[in-house]
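Pasting entry03.txt here (compact mmCIF, C-alpha atoms and all ligand atoms):
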```txt
# COMPACT_ATOMS: atom_id res chain seq x y z
CA MET A 1 39.29 -19.44 -18.18
CA ALA A 2 39.51 -19.40 -21.93
CA THR A 3 36.50 -17.38 -23.02
CA MET A 4 33.87 -15.02 -21.69
CA THR A 5 31.86 -15.10 -24.91
CA GLU A 6 29.97 -17.87 -26.70
CA LEU A 7 32.07 -20.09 -28.90
CA HIS A 8 31.11 -20.22 -32.52
CA SER A 9 31.47 -23.21 -34.83
CA ARG A 10 31.28 -23.29 -38.59
CA PRO A 11 30.75 -26.61 -40.42
CA ILE A 12 33.29 -27.41 -43.14
CA THR A 13 31.07 -29.76 -45.14
CA THR A 14 27.64 -31.25 -44.51
CA ASN A 15 29.11 -34.51 -43.22
CA ILE A 16 32.38 -33.67 -41.52
CA GLY A 17 34.49 -31.06 -39.76
CA SER A 18 34.02 -27.81 -37.86
CA VAL A 19 36.10 -24.71 -37.40
CA ILE A 20 35.71 -23.28 -33.89
CA GLU A 21 36.30 -19.57 -33.45
CA GLY A 22 36.52 -17.25 -30.49
CA ILE A 23 38.87 -19.17 -28.22
CA ASP A 24 42.49 -19.02 -27.08
CA LEU A 25 43.55 -22.58 -26.32
CA SER A 26 46.63 -21.49 -24.35
CA GLU A 27 44.23 -20.80 -21.45
CA PRO A 28 42.47 -23.56 -19.44
CA LEU A 29 39.00 -24.45 -20.79
CA CYS A 30 35.91 -23.65 -18.75
CA PRO A 31 33.41 -26.56 -18.48
CA ARG A 32 31.02 -24.93 -20.95
CA ASP A 33 33.71 -24.58 -23.63
CA ARG A 34 35.01 -28.05 -22.97
CA ASP A 35 31.53 -29.52 -23.48
CA PHE A 36 30.98 -27.46 -26.63
CA ILE A 37 34.27 -28.57 -28.20
CA GLY A 38 33.69 -32.18 -27.09
CA SER A 39 30.26 -32.24 -28.70
CA GLU A 40 31.66 -30.87 -31.98
CA LEU A 41 34.50 -33.40 -31.83
CA TYR A 42 32.23 -36.42 -31.31
CA ASN A 43 29.60 -35.33 -33.81
CA ARG A 44 31.66 -33.68 -36.55
CA GLY A 45 34.70 -35.97 -36.13
CA VAL A 46 37.37 -33.33 -36.68
CA VAL A 47 37.62 -29.83 -35.20
CA PHE A 48 39.93 -26.98 -36.24
CA PHE A 49 41.20 -23.86 -34.48
CA ARG A 50 43.22 -21.12 -36.18
CA GLY A 51 45.90 -18.87 -34.70
CA GLN A 52 46.88 -21.14 -31.79
CA ASP A 53 50.50 -20.39 -30.86
CA LEU A 54 50.79 -23.08 -28.18
CA ASN A 55 53.84 -24.58 -26.53
CA GLY A 56 53.97 -28.31 -25.85
CA GLU A 57 52.58 -28.08 -22.34
CA GLN A 58 49.65 -25.90 -23.42
CA MET A 59 48.79 -28.29 -26.22
CA LYS A 60 48.95 -31.30 -23.90
CA ALA A 61 46.79 -29.49 -21.36
CA PHE A 62 44.14 -28.79 -24.01
CA VAL A 63 44.06 -32.36 -25.34
CA SER A 64 43.90 -33.81 -21.82
CA ASN A 65 40.42 -32.27 -21.48
CA PHE A 66 39.14 -35.12 -23.65
CA ALA A 67 41.21 -38.18 -22.65
CA LYS A 68 44.36 -39.15 -20.80
CA LEU A 69 47.47 -38.56 -22.88
CA GLN A 70 49.30 -41.55 -24.27
CA ALA A 71 52.41 -42.18 -22.20
CA ALA A 72 54.43 -43.97 -24.87
CA LYS A 73 54.03 -42.10 -28.10
CA PHE A 74 54.16 -44.23 -31.21
CA THR A 75 54.47 -42.67 -34.62
CA GLY A 76 56.91 -43.08 -37.46
CA ALA A 77 57.99 -39.43 -37.26
CA ALA A 78 61.11 -38.24 -35.49
CA LYS A 79 60.60 -36.14 -32.36
CA ASP A 80 62.62 -33.38 -30.78
CA ASP A 81 63.43 -33.16 -27.06
CA THR A 82 59.92 -32.09 -26.11
CA GLY A 83 58.51 -35.25 -27.72
CA LEU A 84 56.06 -33.04 -29.56
CA VAL A 85 57.54 -31.34 -32.59
CA ALA A 86 58.08 -33.74 -35.45
CA ASP A 87 59.29 -33.42 -39.00
CA PHE A 88 56.84 -35.42 -41.08
CA GLY A 89 58.83 -34.86 -44.28
CA ALA A 90 60.91 -38.02 -43.94
CA THR A 91 57.94 -40.27 -43.28
CA LYS A 92 55.31 -38.69 -45.48
CA GLN A 93 54.71 -41.84 -47.56
CA PHE A 94 53.84 -43.64 -44.33
CA THR A 95 50.67 -41.62 -43.73
CA ALA A 96 49.64 -41.31 -47.39
CA ILE A 97 46.95 -43.93 -46.95
CA TRP A 98 43.44 -43.78 -45.52
CA HIS A 99 43.52 -44.88 -41.89
CA ALA A 100 42.46 -44.30 -38.31
CA ASP A 101 45.39 -44.08 -35.92
CA GLY A 102 46.56 -47.17 -34.09
CA THR A 103 43.74 -49.62 -34.84
CA PHE A 104 46.36 -52.41 -34.75
CA ALA A 105 46.26 -52.01 -30.96
CA GLU A 106 43.72 -53.65 -28.68
CA GLU A 107 42.80 -50.18 -27.42
CA PRO A 108 43.29 -47.81 -30.36
CA VAL A 109 44.14 -44.18 -29.67
CA LEU A 110 40.97 -42.13 -29.20
CA PHE A 111 42.07 -38.66 -30.26
CA THR A 112 44.96 -37.28 -32.26
CA ALA A 113 45.86 -33.58 -32.23
CA LEU A 114 48.20 -31.76 -34.59
CA ARG A 115 49.37 -28.16 -34.60
CA ALA A 116 51.17 -26.71 -37.60
CA VAL A 117 54.56 -25.24 -36.69
CA SER A 118 55.96 -24.70 -40.18
CA VAL A 119 54.26 -25.93 -43.32
CA PRO A 120 54.78 -25.61 -47.06
CA ASP A 121 52.96 -22.83 -48.93
CA VAL A 122 51.58 -25.39 -51.33
CA GLY A 123 50.90 -29.06 -50.64
CA GLY A 124 51.01 -31.08 -47.43
CA ASP A 125 47.23 -30.95 -46.96
CA THR A 126 45.42 -33.49 -44.78
CA CYS A 127 42.12 -35.14 -45.74
CA TRP A 128 39.54 -36.66 -43.39
CA SER A 129 36.55 -38.87 -44.17
CA SER A 130 33.50 -39.38 -41.95
CA MET A 131 32.92 -43.01 -41.05
CA TYR A 132 29.42 -42.10 -39.82
CA ALA A 133 28.58 -40.84 -43.32
CA ALA A 134 30.34 -43.76 -45.01
CA TYR A 135 28.33 -46.25 -42.93
CA GLU A 136 25.02 -44.43 -43.38
CA ALA A 137 25.46 -44.30 -47.18
CA LEU A 138 25.62 -48.10 -47.43
CA SER A 139 22.44 -49.99 -48.36
CA GLU A 140 20.36 -51.43 -45.53
CA PRO A 141 21.24 -55.10 -46.32
CA MET A 142 24.94 -54.22 -46.42
CA ARG A 143 24.71 -52.36 -43.11
CA ALA A 144 22.83 -55.28 -41.55
CA MET A 145 25.53 -57.71 -42.60
CA LEU A 146 28.46 -55.53 -41.50
CA ASP A 147 26.85 -54.83 -38.12
CA GLY A 148 27.59 -58.39 -36.97
CA LEU A 149 31.08 -58.77 -38.38
CA THR A 150 34.54 -58.59 -36.83
CA ALA A 151 37.76 -57.48 -38.51
CA ILE A 152 41.41 -58.20 -37.78
CA HIS A 153 43.81 -55.24 -37.56
CA SER A 154 47.58 -55.69 -37.75
CA VAL A 155 50.76 -53.73 -38.45
CA GLU A 156 51.79 -56.27 -41.11
CA PRO A 157 50.42 -54.45 -44.18
CA VAL A 158 52.37 -51.34 -43.22
CA VAL A 159 55.52 -53.33 -42.50
CA ARG A 160 55.29 -54.79 -46.03
CA ARG A 161 54.53 -51.40 -47.58
CA LEU A 162 57.42 -49.56 -45.93
CA GLY A 163 60.22 -52.04 -46.64
CA ALA A 164 63.35 -51.54 -44.52
CA MET A 165 61.83 -48.74 -42.44
CA GLY A 166 58.77 -50.92 -41.87
CA GLN A 167 60.76 -53.75 -40.25
CA ALA A 168 61.85 -51.61 -37.31
CA TYR A 169 58.38 -50.09 -37.00
CA GLY A 170 56.76 -53.52 -37.08
CA GLU A 171 59.03 -55.00 -34.45
CA ARG A 172 58.38 -52.13 -32.08
CA ALA A 173 54.64 -52.20 -32.70
CA ARG A 174 54.36 -55.98 -32.17
CA GLU A 175 56.35 -55.68 -28.96
CA MET A 176 54.17 -52.86 -27.61
CA PHE A 177 50.74 -53.85 -28.92
CA GLY A 178 50.78 -57.55 -29.97
CA ALA A 179 50.64 -59.02 -33.45
CA GLU A 180 46.98 -58.42 -34.27
CA HIS A 181 43.62 -57.61 -32.70
CA ALA A 182 39.96 -58.07 -33.62
CA HIS A 183 37.58 -55.09 -33.63
CA PRO A 184 33.95 -54.75 -34.68
CA ALA A 185 33.58 -53.86 -38.38
CA VAL A 186 30.98 -51.31 -37.27
CA LEU A 187 31.71 -49.31 -34.13
CA VAL A 188 29.04 -47.70 -31.97
CA HIS A 189 30.31 -44.33 -30.75
CA PRO A 190 29.76 -44.19 -26.98
CA ASP A 191 29.08 -40.44 -26.91
CA THR A 192 26.80 -40.06 -29.94
CA GLY A 193 25.29 -43.55 -30.22
CA ARG A 194 25.92 -43.38 -33.98
CA LYS A 195 27.38 -46.26 -35.95
CA ALA A 196 30.67 -45.77 -37.81
CA LEU A 197 32.43 -47.99 -40.32
CA TYR A 198 35.57 -49.27 -38.61
CA VAL A 199 37.83 -50.92 -41.20
CA ASN A 200 40.75 -49.10 -42.79
CA SER A 201 43.19 -49.77 -45.61
CA SER A 202 46.29 -49.24 -43.47
CA TRP A 203 45.71 -51.82 -40.76
CA THR A 204 42.67 -54.01 -41.46
CA THR A 205 43.71 -57.38 -42.92
CA ARG A 206 40.56 -59.53 -43.01
CA ILE A 207 36.98 -59.97 -41.90
CA VAL A 208 36.82 -62.96 -39.61
CA GLU A 209 33.39 -64.37 -40.47
CA LEU A 210 33.86 -64.29 -44.28
CA THR A 211 35.89 -66.59 -46.51
CA ALA A 212 39.28 -65.27 -47.55
CA ALA A 213 37.97 -64.40 -51.03
CA GLU A 214 34.81 -62.73 -49.67
CA SER A 215 36.82 -60.79 -47.10
CA ALA A 216 39.30 -59.51 -49.70
CA LYS A 217 36.52 -58.31 -52.01
CA MET A 218 34.48 -56.79 -49.20
CA LEU A 219 37.46 -54.87 -47.81
CA ASP A 220 38.35 -53.63 -51.31
CA LEU A 221 34.79 -52.38 -51.71
CA LEU A 222 34.76 -50.63 -48.32
CA PHE A 223 38.23 -49.09 -48.71
CA GLU A 224 37.07 -47.62 -52.03
CA HIS A 225 33.72 -46.56 -50.59
CA ILE A 226 35.18 -44.43 -47.80
CA LYS A 227 37.10 -42.25 -50.31
CA GLN A 228 33.92 -40.71 -51.75
CA PRO A 229 34.17 -36.91 -51.73
CA ASP A 230 30.69 -36.80 -50.15
CA PHE A 231 32.18 -38.02 -46.86
CA CYS A 232 35.50 -36.16 -47.08
CA MET A 233 37.08 -32.80 -46.39
CA ARG A 234 40.54 -31.40 -47.10
CA TRP A 235 42.52 -28.89 -45.04
CA HIS A 236 45.35 -26.67 -46.26
CA TRP A 237 47.53 -25.88 -43.28
CA SER A 238 48.72 -22.48 -42.12
CA ALA A 239 51.15 -22.07 -39.22
CA ASN A 240 49.35 -22.19 -35.82
CA ASP A 241 46.36 -24.11 -37.16
CA MET A 242 45.41 -26.79 -34.68
CA VAL A 243 43.21 -29.83 -35.18
CA ILE A 244 41.91 -32.61 -32.98
CA TRP A 245 40.08 -35.62 -34.41
CA ASP A 246 38.22 -38.64 -33.10
CA ASN A 247 39.72 -41.83 -34.54
CA ARG A 248 36.49 -43.72 -33.81
CA CYS A 249 34.48 -41.86 -36.43
CA VAL A 250 36.92 -40.44 -39.00
CA GLN A 251 39.79 -41.68 -41.11
CA HIS A 252 42.51 -39.44 -42.49
CA TYR A 253 45.05 -39.26 -45.31
CA ALA A 254 48.13 -37.00 -45.33
CA VAL A 255 48.85 -35.86 -48.89
CA PRO A 256 52.61 -36.26 -49.51
CA ASP A 257 52.81 -33.69 -52.35
CA TYR A 258 55.42 -31.38 -50.85
CA ALA A 259 59.18 -30.99 -50.70
CA GLY A 260 61.22 -30.26 -47.60
CA GLN A 261 60.08 -30.11 -44.03
CA ARG A 262 56.60 -30.09 -42.57
CA MET A 263 56.92 -29.48 -38.83
CA MET A 264 53.94 -30.36 -36.66
CA GLN A 265 53.31 -30.66 -32.94
CA ARG A 266 51.47 -33.88 -32.19
CA VAL A 267 49.65 -35.25 -29.13
CA ASP A 268 47.93 -38.65 -28.95
CA THR A 269 45.63 -39.82 -26.21
CA GLU A 270 45.25 -43.20 -24.65
CA GLY A 271 42.97 -45.69 -26.31
CA GLN A 272 39.81 -47.58 -25.59
CA LYS A 273 38.49 -50.91 -26.84
CA PRO A 274 35.97 -50.13 -29.61
CA CYS A 275 32.36 -51.07 -28.87
CA GLY A 276 30.34 -52.92 -31.49
CA ILE A 277 26.59 -53.42 -31.88
CA ASP A 278 26.41 -56.12 -29.20
CA ASP A 279 28.64 -54.44 -26.57
FE FE B 1 47.55 -41.02 -38.83
```
Output the file's structure in the form of structure tokens.
Ligand SMILES: [Fe+2]
Amino acid sequence: MATMTELHSRPITTNIGSVIEGIDLSEPLCPRDRDFIGSELYNRGVVFFRGQDLNGEQMKAFVSNFAKLQAAKFTGAAKDDTGLVADFGATKQFTAIWHADGTFAEEPVLFTALRAVSVPDVGGDTCWSSMYAAYEALSEPMRAMLDGLTAIHSVEPVVRRLGAMGQAYGERAREMFGAEHAHPAVLVHPDTGRKALYVNSSWTTRIVELTAAESAKMLDLLFEHIKQPDFCMRWHWSANDMVIWDNRCVQHYAVPDYAGQRMMQRVDTEGQKPCGIDD
């Protein structure tokens, strides 16, 4: 089993992120460690481990403690034969937008894990924002209104944004996941019971119950709101850093300010239909 000693976690900011120390993730997790990491993941949204020199199978084994792995991986980045190591350099503009992964699907991916294989000395950071904190910072009347609303998520905004590369991505996504899906604008996290804002600037196209003009303004306001530094953290990668995040309660943004390759191992899990206030 992975550890004989107590794990230790250190918060990154008040609202989001933990670094967990004292564990070698190449070994199977004992139930105590699994529960500890799970609790940090659900409550802090994003959890980091340093010095994890894992092969693909070890990384998959770790992530599978929290959900079934996604059989058909779907990202814009090219993969090598293992299906895990990807060069994000060619597609870095694609993820330079605040988003949660895969919300265009009926059952969006629950967890995403990345491990740095080779990264630039400067640049290529990733930012995360807490959707618990973003929701809780809204005024009570705003929260009350959003609680009952539904939003449409679609690949179309990304297809438009990416031009020629977007066409192929869009066709594949529509084939695998359908054209669009409705999700609650406010998600209730099944493990913490906390509410999280669940609209993002990459995939959310409109709020169903509002007029087109109201929806456009409301989404603009919320997309701006979630960028507040109060809710956010930023991570500068070193080789063998590993992260896992919960797409139900955080959004992320990959900063494309680097030249050359940025090689990462990536594992996604299967998804789940998001629960709203009334579910
Ligand atoms: Fe992403």
Next item on the list: May I have the residues within 12 Å of region 160-169 of chain A as a PyMOL selection string, using only C-alpha atoms and disregarding those fewer than 4 positions away in the same chain?
Entry: chain A and resi 74-77+90-97+154-156+173-177+201-203
Using only C-alpha atoms and all ligand atoms, find each residue in chain A having at least one atom no more than 7 Å away from ligand FE 1 (chain B); report its shortest atom-to-atom pair and that distance in Å (one decimal), rows by chain then rising number, as a Markdown table.
```
| residue | atom | partner | partner_atom | distance |
| --- | --- | --- | --- | --- |
| A:Thr95 | CA | B:FE1 | FE | 5.8 |
| A:His99 | CA | B:FE1 | FE | 6.4 |
| A:Ala100 | CA | B:FE1 | FE | 6.1 |
| A:Asp101 | CA | B:FE1 | FE | 4.7 |
| A:His252 | CA | B:FE1 | FE | 6.4 |
```
Checklist line | Pick from A:Pro28, A:Gln70, A:His183, A:Met145, whichever lies nearest to Leu110 (chain A) using only C-alpha atoms | finding: A:Gln70
Residues of region 124-175 of chain A that approach region 259-267 of chain A to 12 Å or less, counting all atoms listed in the file: could you list each one with the shortest pair of atoms and its distance in Å to one decimal, rows by chain and increasing residue number, as JSON lines?
```
{"residue": "A:Gly124", "atom": "CA", "partner": "A:Arg262", "partner_atom": "CA", "distance": 7.5}
{"residue": "A:Asp125", "atom": "CA", "partner": "A:Arg262", "partner_atom": "CA", "distance": 10.4}
{"residue": "A:Thr126", "atom": "CA", "partner": "A:Arg262", "partner_atom": "CA", "distance": 11.9}
```
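Here CA of Ala133 (chain A) and CA of Ala216 (chain A) stand 22.5 Å from one another.
Counting from CA of Val186 (chain A), the distance to CA of Tyr198 (chain A) is 5.2 Å.
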Next item on the list: Identify, on the basis of only C-alpha atoms, every residue whose closest approach to Val19 (chain A) does not exceed 8 Å; exclude the query and any residue fewer than 3 positions from it along the same chain; express the result as an NGL selection string.
Entry: :A and (9-12 or 47-49)
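Reported to one decimal place, the separation of CA of Gly193 (chain A) from CA of Lys273 (chain A) is 15.5 Å.
Proximity to His153 (chain A) was assessed for A:Phe62, A:Phe104, A:Phe111, A:Trp235 counting all atoms listed in the file; the smallest distance is recorded for A:Phe104.
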Checklist line | Long-range neighbours of Gly45 (chain A) as a list in words, 8 Å cut-off, only C-alpha atoms, 3 positions minimum in chain | finding: Ile16, Gly17, Glu40, Leu41, Tyr42, Ser130, Trp245, Asp246, Asn247, Cys249 and Val250 of chain A
Check: With only C-alpha atoms as the atoms that count, which of A:His189, A:His181, A:His8, A:His225 lies nearest to Thr204 (chain A)?
Finding: A:His181
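If all atoms listed in the file are the atoms counted, then among A:Gly22, A:Pro256, A:Gly271, A:Pro157 the closest residue to Cys127 (chain A) is A:Pro256.
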If we count all atoms listed in the file, what is near Arg194 (chain A) at a cut-off of 9 Å, once residues fewer than 6 positions away on the same chain are taken out, given as a compact mmCIF listing (two decimals) with C-alpha atoms, in the frame of the given file?
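To be explicit, this is the file written out as result-v1.txt:
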```
# COMPACT_ATOMS: atom_id res chain seq x y z
CA ASN A 43 29.60 -35.33 -33.81
CA TYR A 132 29.42 -42.10 -39.82
CA LEU A 187 31.71 -49.31 -34.13
CA VAL A 188 29.04 -47.70 -31.97
```
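Neighbours of region 137-140 of chain A closer than or equal to 10 Å, with all atoms listed in the file counted and sequence neighbours fewer than 3 positions away skipped, come out as A:Met131, A:Tyr132, A:Ala133, A:Ala134, A:Arg143, A:Ala144, A:Met145, A:Leu146, A:Leu197, A:Leu222, A:His225, A:Ile226, A:Asp230, A:Phe231.
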Pull C-alpha atoms from the residues just selected and write them as a PDB file, in the frame of the given file.
```
ATOM      1  CA  MET A 131      32.920 -43.010 -41.050  1.00  0.00           C
ATOM      2  CA  TYR A 132      29.420 -42.100 -39.820  1.00  0.00           C
ATOM      3  CA  ALA A 133      28.580 -40.840 -43.320  1.00  0.00           C
ATOM      4  CA  ALA A 134      30.340 -43.760 -45.010  1.00  0.00           C
ATOM      5  CA  ARG A 143      24.710 -52.360 -43.110  1.00  0.00           C
ATOM      6  CA  ALA A 144      22.830 -55.280 -41.550  1.00  0.00           C
ATOM      7  CA  MET A 145      25.530 -57.710 -42.600  1.00  0.00           C
ATOM      8  CA  LEU A 146      28.460 -55.530 -41.500  1.00  0.00           C
ATOM      9  CA  LEU A 197      32.430 -47.990 -40.320  1.00  0.00           C
ATOM     10  CA  LEU A 222      34.760 -50.630 -48.320  1.00  0.00           C
ATOM     11  CA  HIS A 225      33.720 -46.560 -50.590  1.00  0.00           C
ATOM     12  CA  ILE A 226      35.180 -44.430 -47.800  1.00  0.00           C
ATOM     13  CA  ASP A 230      30.690 -36.800 -50.150  1.00  0.00           C
ATOM     14  CA  PHE A 231      32.180 -38.020 -46.860  1.00  0.00           C
TER      15      PHE A 231
END
```
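Within 10 Å of the point (51.2, -25.6, -38.4), and counting only C-alpha atoms, the protein, DNA and RNA residues are A:Arg50, A:Gly51, A:Gln52, A:Asp53, A:Leu114, A:Arg115, A:Ala116, A:Val117, A:Ser118, A:Val119, A:Pro120, A:His236, A:Trp237, A:Ser238, A:Ala239, A:Asn240, A:Asp241, A:Met242, A:Val243, A:Arg262, A:Met263, A:Met264, A:Gln265.
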Next item on the list: Name the residues, using the chain letters and numbers of the file, that sit within 10 Å of (22.3, -54.5, -33.2) when counting all atoms listed in the file, and give them as JSON, numbers by chain.
Entry: {"A": [144, 147, 148, 188, 276, 277, 278, 279]}
Next, write the just-selected residues to a file, as a compact mmCIF listing (two decimals), keeping the file's coordinate frame, keeping C-alpha atoms as the atom set.
```
# COMPACT_ATOMS: atom_id res chain seq x y z
CA ALA A 144 22.83 -55.28 -41.55
CA ASP A 147 26.85 -54.83 -38.12
CA GLY A 148 27.59 -58.39 -36.97
CA VAL A 188 29.04 -47.70 -31.97
CA GLY A 276 30.34 -52.92 -31.49
CA ILE A 277 26.59 -53.42 -31.88
CA ASP A 278 26.41 -56.12 -29.20
CA ASP A 279 28.64 -54.44 -26.57
```
